[in-house]
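The block underneath contains the structure these notes are about, expressed in structure tokens.
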Amino acid sequence: MQRRFRLRHPADFAHLRRDGRTYRHRLLVVSYAPNGLSYNRYGFITVKRLGNAVTRNRVRRLLREAVRLLHPRLRAGYDVVFIARDGLVGQPLGVVQRILNELAVQAGLNESEAA
RNA sequence: CAGGUCAACCGGGUGAUCGCUCCUCUGCCUGUUCAGAGGGGAGGAAAGUCCGCACUCCACAGGGCGCGGUGCUGGCUAACGGCCAGGCGGGGUAACCCGAUGGCAAGUGCAACAGAGAGGUGUAUUGCCCCAUGCCGACGUUGGCAUGGGGUGAGGGUGAAACGGCGGUGUAAGAGACCACCGGCGCGGGCAGUGAUGUUCGCGGCCAGGCAAACCCCACCGGGAGCAAGGCCAAGCAGGUACAUUGGGGCGGCCCGUCCCGCAAAAAGUACCGGGUGUGCUGCUUGACUCCAUCCGGCAACGGGUGGAGCAGAUAGAUGAUCGCCCCUUCUUCGGAAGGACAGAAUGCGGCUUACAGGUGGCCUGGAUA
RNA sequence: UGGGGAGUCGCCAAGUGGAAAGGCAUCGGACUUUGGAUCCGACAUUCGAAGGUUCGAAUCCUUCCUCCCCAG
């Protein structure tokens, strides 16, 4: 994922924490808000309770890969933050993709549904 | 083959597709953000942050006191609390391992409970011995018991620890009271060694206990803070206080010493406090570097020379995902299935410590076979 | 990343080399018709863990684990 598509500033995260709409799944939390740009930006949060640096990196990379594959089918113009919960550790890519898709539909971020 | 020990060794391989980041080159629609090509992209511990350096700022990094650290000897190193070699002590049949291993005959302090006594010229519960008195037994110039006085520290007992050991002389009983030997101590000397130390001779006095990871003494080392150090550029806000001679401030404990500013309205200046923007660029990765081959010095750690090869730089933080084949392990209904440790660079480097599936190698001991 | 601090019963905690105080909570009993209050009693052999120093360690030393705070 290229740098321009990442959320990079603490202020962005604080903004989503305050004004974002949030949807929860057992293994994942997604929060989003319009950003006024022509493209989406994504952020990933893997808190320390998930495990050591290796497991956190693993979870974050799987999430990033799933988002990369899903990205073309999402509506543009939003900042989106994904927060991994405990059960996501050790799940394969397929499961992560399925959960992500469910949440996207639920949140109304899916392109087809919006059109 | 089994058990042990050491660490100098490895830490899955390969291919395809889709991605991320950095560098170089090329292109033009000149982009902090495009396109194409080529190349680089986690570890032995990257970890814990327990030490040591480099580097940066505090003017310089000076002296004394204080504080902190280290602690057998010699060497290596940029330095170290690390490494190598050696001494001493301890463990093991051995290979080998462990040790904060200077000083308690400088001073001060500590030792609960138990015990008569726990540190000085100190102690007497039981015991042993002598004397006196009384009673009893015997009548063999002697015995027992009780009380009192005295001698004694060998035996018993307490304790983690009780003032050398063994044998003799001696004595009423005993005692380094005396003697020989042994252990240990002090002083002086010889020999071996750079030294720690070992060994040996003479003299002395008979023993001077334990704890310094107790204060402390001695020797050596250390100025403080840390890359969120520090520097540059944007944007932006809100200022306030102190400063007049014996002044204010810095060198983050204090003093000396030294440096900077100021020496008379205000302004400016210096310092401090407060408010505010922002992680945009830099520092930022090639250096006491790593590996291989070889030569020289050294027991070794290591040092020096020559030749060759290699070396990531992210910044909500890249180094990934999926699939196939091979390798290893476990389970198996023999079709196959599941799994492959510990763990992720954040200024760099040298160590230490801790975690770790599986595999490789050297050495020691025991057994078996030839 | 760097700097600093703390772990003692279920909770709050004292103890800084000689047999781990106290309060709250919990459990049992007494009092009461019952409950509350009150009174009496019980409750730490692993002081975060492992080694070491010492005759003796919660305390001193070393290493490790967990948690908290500060610096943009």
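Quick note on naming: the chains in the structure tokens go A, B, ... in the order shown, residues restart at 1 in each chain, and ligands are numbered from 1 in order of appearance.
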task = Go through region 2-114 of chain A and collect every residue that DSSP, computed from the backbone, puts in helix (DSSP H, G or I); the answer should be as number ranges by chain.
result = A: 3-5, 10-19, 48-50, 53-73, 86-88, 93-107, 111-114
Which residues are near His9 (chain A)? Cut-off 12 Å, only C-alpha atoms (C1' of nucleotides), ignore same chain within fewer than 4 positions. Put them as JSON, numbers by chain. {"A": [4, 13, 14, 15, 16, 41, 42, 43, 79], "B": [278, 279, 315, 316, 317]}
Listing only residues of chain B within 12 Å of chain A, what is the closest atom pair and its distance in Å (to one decimal) for each, using only C-alpha atoms (C1' of nucleotides), sorted by chain and residue number ascending, as CSV?
```
residue,atom,partner,partner_atom,distance
B:C18,C1',A:Leu69,CA,9.7
B:G19,C1',A:Met1,CA,7.4
B:C20,C1',A:Met1,CA,6.2
B:U21,C1',A:Gln2,CA,9.3
B:U32,C1',A:Arg4,CA,11.7
B:U33,C1',A:Arg4,CA,7.0
B:A42,C1',A:Val54,CA,11.5
B:A46,C1',A:Ala53,CA,11.6
B:A47,C1',A:Ala53,CA,10.2
B:G278,C1',A:His9,CA,11.2
B:U279,C1',A:His9,CA,9.5
B:A314,C1',A:Arg3,CA,11.6
B:U315,C1',A:Arg8,CA,9.4
B:A316,C1',A:Arg8,CA,5.4
B:G317,C1',A:Arg8,CA,9.5
B:A318,C1',A:Met1,CA,9.9
B:U319,C1',A:Arg61,CA,11.5
B:G320,C1',A:Arg61,CA,6.5
B:A321,C1',A:Glu65,CA,6.6
B:U322,C1',A:Leu93,CA,8.8
B:C342,C1',A:Val54,CA,11.0
B:A343,C1',A:Val54,CA,6.9
B:G344,C1',A:Val54,CA,5.8
```
Generate the output file for the selected residues, C-alpha atoms (C1' of nucleotides), as a short mmCIF file (atom, residue, chain, number, x, y, z; two decimals), in the first residue's frame.
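Once everything was written out, this is out_6.cif:
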```cif
data_model
loop_
_atom_site.label_atom_id
_atom_site.label_comp_id
_atom_site.auth_asym_id
_atom_site.auth_seq_id
_atom_site.Cartn_x
_atom_site.Cartn_y
_atom_site.Cartn_z
"C1'" C B 18 0.49 -10.00 -7.05
"C1'" G B 19 2.42 -5.95 -3.69
"C1'" C B 20 5.75 -2.32 -0.21
"C1'" U B 21 10.25 0.68 0.61
"C1'" U B 32 8.05 16.07 -1.92
"C1'" U B 33 2.87 12.14 -4.82
"C1'" A B 42 15.90 -8.34 9.44
"C1'" A B 46 17.62 -7.51 15.60
"C1'" A B 47 15.13 -8.88 22.30
"C1'" G B 278 5.16 20.96 13.42
"C1'" U B 279 7.47 16.08 12.76
"C1'" A B 314 11.48 2.71 7.66
"C1'" U B 315 8.97 7.33 10.28
"C1'" A B 316 1.11 5.13 12.41
"C1'" G B 317 6.85 2.98 10.77
"C1'" A B 318 8.81 -1.05 4.32
"C1'" U B 319 11.37 -6.06 4.13
"C1'" G B 320 4.89 -8.97 2.70
"C1'" A B 321 0.80 -12.41 0.61
"C1'" U B 322 -0.85 -16.77 -2.08
"C1'" C B 342 12.77 -18.22 19.61
"C1'" A B 343 11.74 -14.01 17.51
"C1'" G B 344 11.25 -8.10 13.66
#
```
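Across the structure, C1' of U158 (chain B) and C1' of C113 (chain B) are spaced 11.1 Å apart.
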| query | Per DSSP on the backbone, what are the strand (DSSP E or B) residues of chain A, as a PyMOL selection string? | reply | chain A and resi 6+21-24+28-34+41-45+74+78-84+110
